[in-house]
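*Asks:* Please read through the structure below; I'll follow up with questions.
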Amino acid sequence: MWIVDPQRKTGIAEAQLYVTLEEALELRDALSRLIADPEAMEHEHLGDGAEFSISIVTEEKLRRAGYTPLERTVLET
């Protein structure tokens, strides 16, 4: 698992995520959509107060270079 802080332009080692039941269900549904086609260059945005983005990382997607330079730096470590 990788966590990227795009504002500070770095990866972070630890984060805490607190969600309501509604947000947990939204996260579950987003993951189900991503899992349906893990090779698609897709991601999901969640949250109202703070933005949370989630994507499935695969070797093929890393080879296709569909990530930003910051994401590639973090994901390739």
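Chain lettering (A, B, ...) mirrors the order of the structure tokens, residue numbering begins at 1 for each chain separately, and ligand numbering begins at 1 in order of display.
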Taking only segment 11-64 of chain A into account, list the residues labelled strand (DSSP E or B) by DSSP (computed from the backbone), as JSON, numbers by chain.

*Replies:* {"A": [11, 12, 44, 45, 46, 52, 53, 54]}

*Asks:* Fewer than 3 positions away in the same chain doesn't count, so skip those; otherwise give me all residues within 9 Å of segment 50-66 of chain A, counting only C-alpha atoms, as an NGL selection string.

*Replies:* :A and (1 or 27 or 30-31 or 34-35 or 38-47 or 69 or 72 or 75-76)

*Asks:* Just to confirm, what's the straight-line distance from atom CA of Lys9 of chain A to atom CA of Ser32 of chain A in Å (one decimal)?

*Replies:*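 For atom CA of Lys9 of chain A relative to atom CA of Ser32 of chain A, the distance reads 28.4 Å.
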
*Asks:* Once DSSP has gone over the backbone, tell me which residues of chain A are in alpha helix (DSSP H), as a PyMOL selection string.

*Replies:* chain A and resi 21-36+59-63+69-75

*Asks:* In Å, how far is it from atom CA of Trp2 of chain A to atom CA of Thr73 of chain A?

*Replies:* 10.8 Å
